[in-house]
Amino acid sequence: MRLLTAALLALGAGLASAQTAWVSSEKDHALTLVDLKTMAVAGVVNTCKRPRHMQLAPDGKRLFVACSESGQADVIDVASRKSVARVSLGDEPEAFDFSKDGKALYVSAEDEGALVTIDAASGKTLASVPVGKEPEGVKTSPDGKLVFVTSEVANMVHVVDTATGKVVKNIAAGKRPRRMVFTPDGAQLWVSNELGASISVISVKDLAVTHTIALSLKGARAEDITPVGLAMTRDGKTAYVSMGRANHVGVIDVASRQLTKTVLVGKRAWHVALSPDETRLVVSNGLSDDVTIIDTATAKALKSVPVGRVPYMAVVLD
């Protein structure tokens, strides 16, 4: 009986730790599900047109998928893997983030050159704040008081006060800033500069760039190092950056701000996503139509899994 109980507990633990990468595929209008244990496709969920940015809602039960050609967010119930709602996001939505209470979406509207606030339930536009041309990344500060927006054309990070709806600071970053990640303590915001082969480190207190991390790769030209996706461990010790056309992922020691390792992945490494237990990093490779699964303990690529045409990003869920 004791052995049987132990076996059942082990089985239960294995089921509880099952992790699945949800990968948006721009050309297939679908999400491909990859089981990280078997490293194989476990299903496909159809969605709206040209799905790109995705984010789990604060309730942990719904996945919001922004579809640029549909001008909508498809709201998917994670448990049933079924679409339960569609929320209007306006024309050509790029990225988004939730307000701290989860009731609003802050959306970068590329064509409008604005940060648009949308009611997450009804899709009603609540506010629109002009920012630089071709806004891209959106990140809400941990306290919910500020929203940071990157502008690819202006080479800036715009800081919007959520209470007043006003831009309070324009921070010069590197060339073509794209995506962002906060350090766990919320003190720093790291910004990838796609055409600058670098990462800008912004002090949230001072709203200013304090450091620039130059990215390099032996045998690669600087113009081929085009960072976009960023991820950071919960302990704040390690950051990961996709290096775009250089077909690698960089591993950065956060304390020293030094690139310590690089990992060869697929073609045009676009975005990176850590698994909830942080044992795996999933890299979306936009030009080889696959994702590469990396073991974070060894910084070794385990397998590349075909996932459909032009994978954009992944979200890993238990």
# chains A, B, ... in the order shown; residues from 1 in each chain; ligands from 1
>>> select_by_dssp(residues="segment 31-253 of chain A", states="strand (DSSP E or B)", output="PyMOL selection string")
chain A and resi 31-35+40-46+51-56+62-67+72-77+82-88+93-98+104-109+114-119+125-130+135-140+146-151+156-161+166-172+177-182+188-193+198-203+208-214+230-232+238-242+244+248-253
>>> residues_around(residues="segment 148-165 of chain A", least_positions_apart="6", cutoff="7 Å", atoms="only C-alpha atoms", output="list in words")
Val129, Val131, Gly132, Lys133, Glu134, Pro135, Glu136, Gly137, Val138, Lys139, Thr140, Ile171, Ala172, Ala173, Gly174, Lys175, Arg176, Pro177 and Arg178 of chain A
>>> closest_residue(among="A:Pro93, A:Pro306, A:Pro184, A:Gly244", to="Leu105 of chain A", atoms="only C-alpha atoms")
A:Pro93
>>> closest_residue(among="A:Asn170, A:Leu317, A:Ala231, A:Glu194", to="Val209 of chain A", atoms="only C-alpha atoms")
A:Asn170
>>> residues_around(residues="segment 18-28 of chain A", least_positions_apart="2", cutoff="7 Å", atoms="only C-alpha atoms", output="mmCIF file with N, CA, C and O atoms, in the first residue's frame")
data_model
loop_
_atom_site.group_PDB
_atom_site.id
_atom_site.type_symbol
_atom_site.label_atom_id
_atom_site.label_comp_id
_atom_site.auth_asym_id
_atom_site.auth_seq_id
_atom_site.Cartn_x
_atom_site.Cartn_y
_atom_site.Cartn_z
ATOM 1 N N GLY A 14 3.747 14.533 -11.302
ATOM 2 C CA GLY A 14 4.104 14.654 -12.707
ATOM 3 C C GLY A 14 3.031 15.362 -13.502
ATOM 4 O O GLY A 14 3.305 16.203 -14.355
ATOM 5 N N LEU A 15 1.745 15.017 -13.189
ATOM 6 C CA LEU A 15 0.650 15.669 -13.889
ATOM 7 C C LEU A 15 0.575 17.148 -13.535
ATOM 8 O O LEU A 15 0.310 18.004 -14.371
ATOM 9 N N ALA A 16 0.807 17.455 -12.264
ATOM 10 C CA ALA A 16 0.711 18.843 -11.816
ATOM 11 C C ALA A 16 1.776 19.711 -12.452
ATOM 12 O O ALA A 16 1.578 20.900 -12.654
ATOM 13 N N ALA A 30 -3.531 30.406 -35.930
ATOM 14 C CA ALA A 30 -3.718 29.341 -34.949
ATOM 15 C C ALA A 30 -2.635 29.405 -33.882
ATOM 16 O O ALA A 30 -1.593 30.051 -34.056
ATOM 17 N N LEU A 31 -2.904 28.713 -32.776
ATOM 18 C CA LEU A 31 -1.931 28.527 -31.713
ATOM 19 C C LEU A 31 -1.558 27.055 -31.681
ATOM 20 O O LEU A 31 -2.432 26.183 -31.649
ATOM 21 N N THR A 32 -0.265 26.786 -31.698
ATOM 22 C CA THR A 32 0.213 25.413 -31.600
ATOM 23 C C THR A 32 0.627 25.145 -30.163
ATOM 24 O O THR A 32 1.349 25.934 -29.558
ATOM 25 N N LEU A 33 0.181 24.009 -29.622
ATOM 26 C CA LEU A 33 0.487 23.638 -28.246
ATOM 27 C C LEU A 33 1.596 22.590 -28.238
ATOM 28 O O LEU A 33 1.481 21.552 -28.897
ATOM 29 N N VAL A 34 2.679 22.884 -27.509
ATOM 30 C CA VAL A 34 3.825 21.982 -27.442
ATOM 31 C C VAL A 34 4.004 21.499 -26.011
ATOM 32 O O VAL A 34 4.168 22.308 -25.092
ATOM 33 N N ASP A 35 3.968 20.191 -25.816
ATOM 34 C CA ASP A 35 4.209 19.590 -24.502
ATOM 35 C C ASP A 35 5.715 19.626 -24.244
ATOM 36 O O ASP A 35 6.505 19.055 -25.006
ATOM 37 N N LEU A 36 6.121 20.293 -23.177
ATOM 38 C CA LEU A 36 7.555 20.446 -22.924
ATOM 39 C C LEU A 36 8.204 19.187 -22.380
ATOM 40 O O LEU A 36 9.430 19.060 -22.400
ATOM 41 N N ARG A 50 -3.882 36.462 -37.924
ATOM 42 C CA ARG A 50 -2.524 36.892 -37.617
ATOM 43 C C ARG A 50 -2.311 37.090 -36.125
ATOM 44 O O ARG A 50 -2.040 38.186 -35.652
ATOM 45 N N PRO A 51 -2.396 36.013 -35.357
ATOM 46 C CA PRO A 51 -2.125 36.114 -33.922
ATOM 47 C C PRO A 51 -0.648 36.380 -33.667
ATOM 48 O O PRO A 51 0.217 35.759 -34.262
ATOM 49 N N ARG A 52 -0.406 37.293 -32.750
ATOM 50 C CA ARG A 52 0.983 37.641 -32.442
ATOM 51 C C ARG A 52 1.178 37.680 -30.924
ATOM 52 O O ARG A 52 1.407 36.678 -30.293
ATOM 53 N N GLY A 308 4.239 25.411 -37.200
ATOM 54 C CA GLY A 308 3.406 26.195 -38.103
ATOM 55 C C GLY A 308 4.182 27.346 -38.698
ATOM 56 O O GLY A 308 5.346 27.575 -38.382
ATOM 57 N N ARG A 309 3.501 28.096 -39.549
ATOM 58 C CA ARG A 309 4.182 29.130 -40.316
ATOM 59 C C ARG A 309 4.325 30.435 -39.539
ATOM 60 O O ARG A 309 3.368 30.970 -39.035
ATOM 61 N N VAL A 310 5.562 30.898 -39.463
ATOM 62 C CA VAL A 310 5.940 32.158 -38.829
ATOM 63 C C VAL A 310 5.478 32.230 -37.368
ATOM 64 O O VAL A 310 4.607 33.022 -37.008
ATOM 65 N N PRO A 311 6.061 31.411 -36.508
ATOM 66 C CA PRO A 311 5.761 31.531 -35.082
ATOM 67 C C PRO A 311 6.268 32.859 -34.544
ATOM 68 O O PRO A 311 7.383 33.279 -34.850
ATOM 69 N N TYR A 312 5.428 33.504 -33.735
ATOM 70 C CA TYR A 312 5.766 34.835 -33.237
ATOM 71 C C TYR A 312 6.258 34.803 -31.803
ATOM 72 O O TYR A 312 7.319 35.329 -31.496
ATOM 73 N N MET A 313 5.472 34.204 -30.908
ATOM 74 C CA MET A 313 5.891 34.150 -29.525
ATOM 75 C C MET A 313 5.229 32.967 -28.838
ATOM 76 O O MET A 313 4.338 32.317 -29.397
ATOM 77 N N ALA A 314 5.682 32.681 -27.621
ATOM 78 C CA ALA A 314 5.118 31.572 -26.843
ATOM 79 C C ALA A 314 4.811 32.052 -25.433
ATOM 80 O O ALA A 314 5.457 32.960 -24.913
ATOM 81 N N VAL A 315 3.805 31.433 -24.849
ATOM 82 C CA VAL A 315 3.494 31.578 -23.432
ATOM 83 C C VAL A 315 3.453 30.162 -22.855
ATOM 84 O O VAL A 315 2.774 29.290 -23.417
ATOM 85 N N VAL A 316 4.198 29.919 -21.790
ATOM 86 C CA VAL A 316 4.274 28.572 -21.221
ATOM 87 C C VAL A 316 3.390 28.519 -19.979
ATOM 88 O O VAL A 316 3.559 29.312 -19.040
ATOM 89 N N LEU A 317 2.456 27.552 -19.967
ATOM 90 C CA LEU A 317 1.491 27.416 -18.875
ATOM 91 C C LEU A 317 1.564 26.022 -18.258
ATOM 92 O O LEU A 317 1.880 25.051 -18.936
ATOM 93 N N ASP A 318 1.252 25.962 -16.967
ATOM 94 C CA ASP A 318 1.169 24.663 -16.293
ATOM 95 C C ASP A 318 -0.086 23.918 -16.752
ATOM 96 O O ASP A 318 -1.100 24.538 -17.035
#
>>> closest_residue(among="A:Ile76, A:Met39, A:Val181, A:Leu264", to="Val305 of chain A", atoms="only C-alpha atoms")
A:Met39
>>> residues_around(residues="Pro58 of chain A", least_positions_apart="6", cutoff="9 Å", atoms="only C-alpha atoms", output="PyMOL selection string")
chain A and resi 98+100-102
>>> write_last_selection(atoms="N, CA, C and O atoms", output="JSON list (two decimals), in the first residue's frame")
[["chain", "number", "residue", "atom", "x", "y", "z"],
["A", 98, "PHE", "N", -1.81, 44.37, -19.20],
["A", 98, "PHE", "CA", -2.99, 44.60, -18.36],
["A", 98, "PHE", "C", -2.71, 45.70, -17.35],
["A", 98, "PHE", "O", -1.57, 45.92, -16.92],
["A", 100, "LYS", "N", -3.12, 46.95, -13.45],
["A", 100, "LYS", "CA", -2.83, 46.14, -12.27],
["A", 100, "LYS", "C", -4.04, 45.36, -11.79],
["A", 100, "LYS", "O", -3.92, 44.21, -11.33],
["A", 101, "ASP", "N", -5.26, 45.94, -11.93],
["A", 101, "ASP", "CA", -6.46, 45.25, -11.50],
["A", 101, "ASP", "C", -7.03, 44.31, -12.57],
["A", 101, "ASP", "O", -8.02, 43.62, -12.33],
["A", 102, "GLY", "N", -6.40, 44.28, -13.73],
["A", 102, "GLY", "CA", -6.83, 43.38, -14.79],
["A", 102, "GLY", "C", -8.06, 43.82, -15.55],
["A", 102, "GLY", "O", -8.53, 43.12, -16.45]]
>>> closest_residue(among="A:Ser128, A:Thr38, A:Thr296, A:Ser70", to="Glu112 of chain A", atoms="only C-alpha atoms")
A:Ser128
>>> residues_around(residues="Ser288 of chain A", least_positions_apart="4", cutoff="8 Å", atoms="only C-alpha atoms", output="short mmCIF file (atom, residue, chain, number, x, y, z; two decimals) with N, CA and C atoms, in the first residue's frame")
data_model
loop_
_atom_site.label_atom_id
_atom_site.label_comp_id
_atom_site.auth_asym_id
_atom_site.auth_seq_id
_atom_site.Cartn_x
_atom_site.Cartn_y
_atom_site.Cartn_z
N GLY A 266 16.97 28.30 -33.85
CA GLY A 266 16.52 28.30 -35.23
C GLY A 266 16.76 29.64 -35.91
N LYS A 267 16.14 29.82 -37.07
CA LYS A 267 16.35 31.02 -37.86
C LYS A 267 15.48 32.17 -37.37
N ARG A 268 16.11 33.29 -37.16
CA ARG A 268 15.49 34.52 -36.66
C ARG A 268 14.78 34.28 -35.34
N VAL A 310 5.56 30.90 -39.46
CA VAL A 310 5.94 32.16 -38.83
C VAL A 310 5.48 32.23 -37.37
#
>>> closest_atom_pairs(of="segment 47-75 of chain A", to="segment 271-284 of chain A", cutoff="12 Å", atoms="only C-alpha atoms", output="JSON lines")
{"residue": "A:Arg52", "atom": "CA", "partner": "A:His271", "partner_atom": "CA", "distance": 10.6}
{"residue": "A:His53", "atom": "CA", "partner": "A:His271", "partner_atom": "CA", "distance": 10.0}
{"residue": "A:Met54", "atom": "CA", "partner": "A:Ala273", "partner_atom": "CA", "distance": 11.2}
{"residue": "A:Gln55", "atom": "CA", "partner": "A:Ala273", "partner_atom": "CA", "distance": 11.2}
>>> residues_around(residues="Ala104 of chain A", least_positions_apart="3", cutoff="6 Å", atoms="only C-alpha atoms", output="VMD selection string")
chain A and resid 98 to 99 118 to 120
>>> closest_residue(among="A:Lys37, A:Arg234, A:Lys82, A:His29", to="Cys67 of chain A", atoms="only C-alpha atoms")
A:His29
>>> decode(residues="segment 17-54 of chain A", atoms="N, CA, C and O atoms", output="tab-separated table (two decimals), in the first residue's frame")
chain	number	residue	atom	x	y	z
A	17	SER	N	2.92	19.11	-12.77
A	17	SER	CA	4.02	19.90	-13.31
A	17	SER	C	4.06	19.89	-14.83
A	17	SER	O	5.00	20.39	-15.42
A	18	ALA	N	3.02	19.31	-15.46
A	18	ALA	CA	2.97	19.31	-16.91
A	18	ALA	C	2.96	20.74	-17.42
A	18	ALA	O	2.21	21.58	-16.92
A	19	GLN	N	3.80	21.05	-18.39
A	19	GLN	CA	3.91	22.40	-18.91
A	19	GLN	C	3.74	22.39	-20.42
A	19	GLN	O	4.31	21.55	-21.11
A	20	THR	N	2.96	23.34	-20.89
A	20	THR	CA	2.64	23.43	-22.31
A	20	THR	C	2.97	24.82	-22.83
A	20	THR	O	2.57	25.82	-22.22
A	21	ALA	N	3.68	24.87	-23.95
A	21	ALA	CA	3.95	26.14	-24.62
A	21	ALA	C	2.84	26.40	-25.64
A	21	ALA	O	2.58	25.56	-26.50
A	22	TRP	N	2.21	27.55	-25.51
A	22	TRP	CA	1.22	28.01	-26.48
A	22	TRP	C	1.94	28.95	-27.43
A	22	TRP	O	2.46	29.98	-27.00
A	23	VAL	N	1.99	28.61	-28.71
A	23	VAL	CA	2.80	29.35	-29.68
A	23	VAL	C	1.89	29.98	-30.74
A	23	VAL	O	1.11	29.27	-31.40
A	24	SER	N	1.96	31.29	-30.89
A	24	SER	CA	1.15	31.96	-31.92
A	24	SER	C	1.83	31.84	-33.28
A	24	SER	O	3.04	32.05	-33.40
A	25	SER	N	1.03	31.50	-34.28
A	25	SER	CA	1.54	31.32	-35.64
A	25	SER	C	0.86	32.33	-36.56
A	25	SER	O	-0.33	32.22	-36.84
A	26	GLU	N	1.62	33.30	-37.02
A	26	GLU	CA	1.05	34.42	-37.78
A	26	GLU	C	0.32	33.99	-39.06
A	26	GLU	O	-0.73	34.54	-39.39
A	27	LYS	N	0.87	33.06	-39.78
A	27	LYS	CA	0.32	32.71	-41.09
A	27	LYS	C	-0.77	31.63	-41.03
A	27	LYS	O	-1.53	31.47	-41.98
A	28	ASP	N	-0.83	30.91	-39.92
A	28	ASP	CA	-1.82	29.83	-39.82
A	28	ASP	C	-3.06	30.23	-39.04
A	28	ASP	O	-4.00	29.45	-38.94
A	29	HIS	N	-3.06	31.45	-38.47
A	29	HIS	CA	-4.19	31.92	-37.67
A	29	HIS	C	-4.54	30.89	-36.60
A	29	HIS	O	-5.71	30.53	-36.40
A	30	ALA	N	-3.53	30.41	-35.93
A	30	ALA	CA	-3.72	29.34	-34.95
A	30	ALA	C	-2.63	29.41	-33.88
A	30	ALA	O	-1.59	30.05	-34.06
A	31	LEU	N	-2.90	28.71	-32.78
A	31	LEU	CA	-1.93	28.53	-31.71
A	31	LEU	C	-1.56	27.05	-31.68
A	31	LEU	O	-2.43	26.18	-31.65
A	32	THR	N	-0.26	26.79	-31.70
A	32	THR	CA	0.21	25.41	-31.60
A	32	THR	C	0.63	25.15	-30.16
A	32	THR	O	1.35	25.93	-29.56
A	33	LEU	N	0.18	24.01	-29.62
A	33	LEU	CA	0.49	23.64	-28.25
A	33	LEU	C	1.60	22.59	-28.24
A	33	LEU	O	1.48	21.55	-28.90
A	34	VAL	N	2.68	22.88	-27.51
A	34	VAL	CA	3.82	21.98	-27.44
A	34	VAL	C	4.00	21.50	-26.01
A	34	VAL	O	4.17	22.31	-25.09
A	35	ASP	N	3.97	20.19	-25.82
A	35	ASP	CA	4.21	19.59	-24.50
A	35	ASP	C	5.72	19.63	-24.24
A	35	ASP	O	6.50	19.05	-25.01
A	36	LEU	N	6.12	20.29	-23.18
A	36	LEU	CA	7.55	20.45	-22.92
A	36	LEU	C	8.20	19.19	-22.38
A	36	LEU	O	9.43	19.06	-22.40
A	37	LYS	N	7.40	18.24	-21.90
A	37	LYS	CA	7.97	16.98	-21.43
A	37	LYS	C	8.30	16.07	-22.60
A	37	LYS	O	9.40	15.52	-22.70
A	38	THR	N	7.34	15.92	-23.51
A	38	THR	CA	7.56	15.05	-24.68
A	38	THR	C	8.25	15.79	-25.82
A	38	THR	O	8.74	15.18	-26.75
A	39	MET	N	8.24	17.14	-25.73
A	39	MET	CA	8.78	18.00	-26.79
A	39	MET	C	8.15	17.66	-28.13
A	39	MET	O	8.82	17.49	-29.15
A	40	ALA	N	6.81	17.58	-28.10
A	40	ALA	CA	6.04	17.27	-29.30
A	40	ALA	C	4.77	18.11	-29.30
A	40	ALA	O	4.31	18.57	-28.25
A	41	VAL	N	4.21	18.30	-30.49
A	41	VAL	CA	2.97	19.06	-30.62
A	41	VAL	C	1.84	18.27	-29.96
A	41	VAL	O	1.65	17.09	-30.23
A	42	ALA	N	1.07	18.96	-29.09
A	42	ALA	CA	0.00	18.31	-28.34
A	42	ALA	C	-1.38	18.79	-28.76
A	42	ALA	O	-2.39	18.32	-28.24
A	43	GLY	N	-1.44	19.71	-29.71
A	43	GLY	CA	-2.73	20.20	-30.18
A	43	GLY	C	-2.60	21.52	-30.90
A	43	GLY	O	-1.54	22.15	-30.90
A	44	VAL	N	-3.70	21.92	-31.53
A	44	VAL	CA	-3.77	23.19	-32.24
A	44	VAL	C	-5.09	23.86	-31.89
A	44	VAL	O	-6.13	23.21	-31.87
A	45	VAL	N	-5.04	25.16	-31.60
A	45	VAL	CA	-6.24	25.93	-31.29
A	45	VAL	C	-6.37	27.03	-32.33
A	45	VAL	O	-5.49	27.88	-32.47
A	46	ASN	N	-7.46	26.99	-33.10
A	46	ASN	CA	-7.69	28.02	-34.10
A	46	ASN	C	-8.06	29.34	-33.42
A	46	ASN	O	-8.72	29.36	-32.38
A	47	THR	N	-7.65	30.45	-34.04
A	47	THR	CA	-7.91	31.75	-33.44
A	47	THR	C	-8.16	32.78	-34.54
A	47	THR	O	-8.41	32.42	-35.70
A	48	CYS	N	-8.10	34.07	-34.18
A	48	CYS	CA	-8.37	35.12	-35.16
A	48	CYS	C	-7.15	35.34	-36.07
A	48	CYS	O	-6.13	34.66	-35.94
A	49	LYS	N	-7.25	36.30	-36.99
A	49	LYS	CA	-6.26	36.43	-38.06
A	49	LYS	C	-4.97	37.11	-37.61
A	49	LYS	O	-4.99	38.17	-37.01
A	50	ARG	N	-3.88	36.46	-37.92
A	50	ARG	CA	-2.52	36.89	-37.62
A	50	ARG	C	-2.31	37.09	-36.13
A	50	ARG	O	-2.04	38.19	-35.65
A	51	PRO	N	-2.40	36.01	-35.36
A	51	PRO	CA	-2.12	36.11	-33.92
A	51	PRO	C	-0.65	36.38	-33.67
A	51	PRO	O	0.22	35.76	-34.26
A	52	ARG	N	-0.41	37.29	-32.75
A	52	ARG	CA	0.98	37.64	-32.44
A	52	ARG	C	1.18	37.68	-30.92
A	52	ARG	O	1.41	36.68	-30.29
A	53	HIS	N	1.03	38.85	-30.33
A	53	HIS	CA	1.28	38.98	-28.90
A	53	HIS	C	0.22	38.23	-28.08
A	53	HIS	O	-0.96	38.25	-28.41
A	54	MET	N	0.68	37.58	-27.01
A	54	MET	CA	-0.22	36.85	-26.12
A	54	MET	C	0.15	37.14	-24.67
A	54	MET	O	1.31	37.39	-24.37
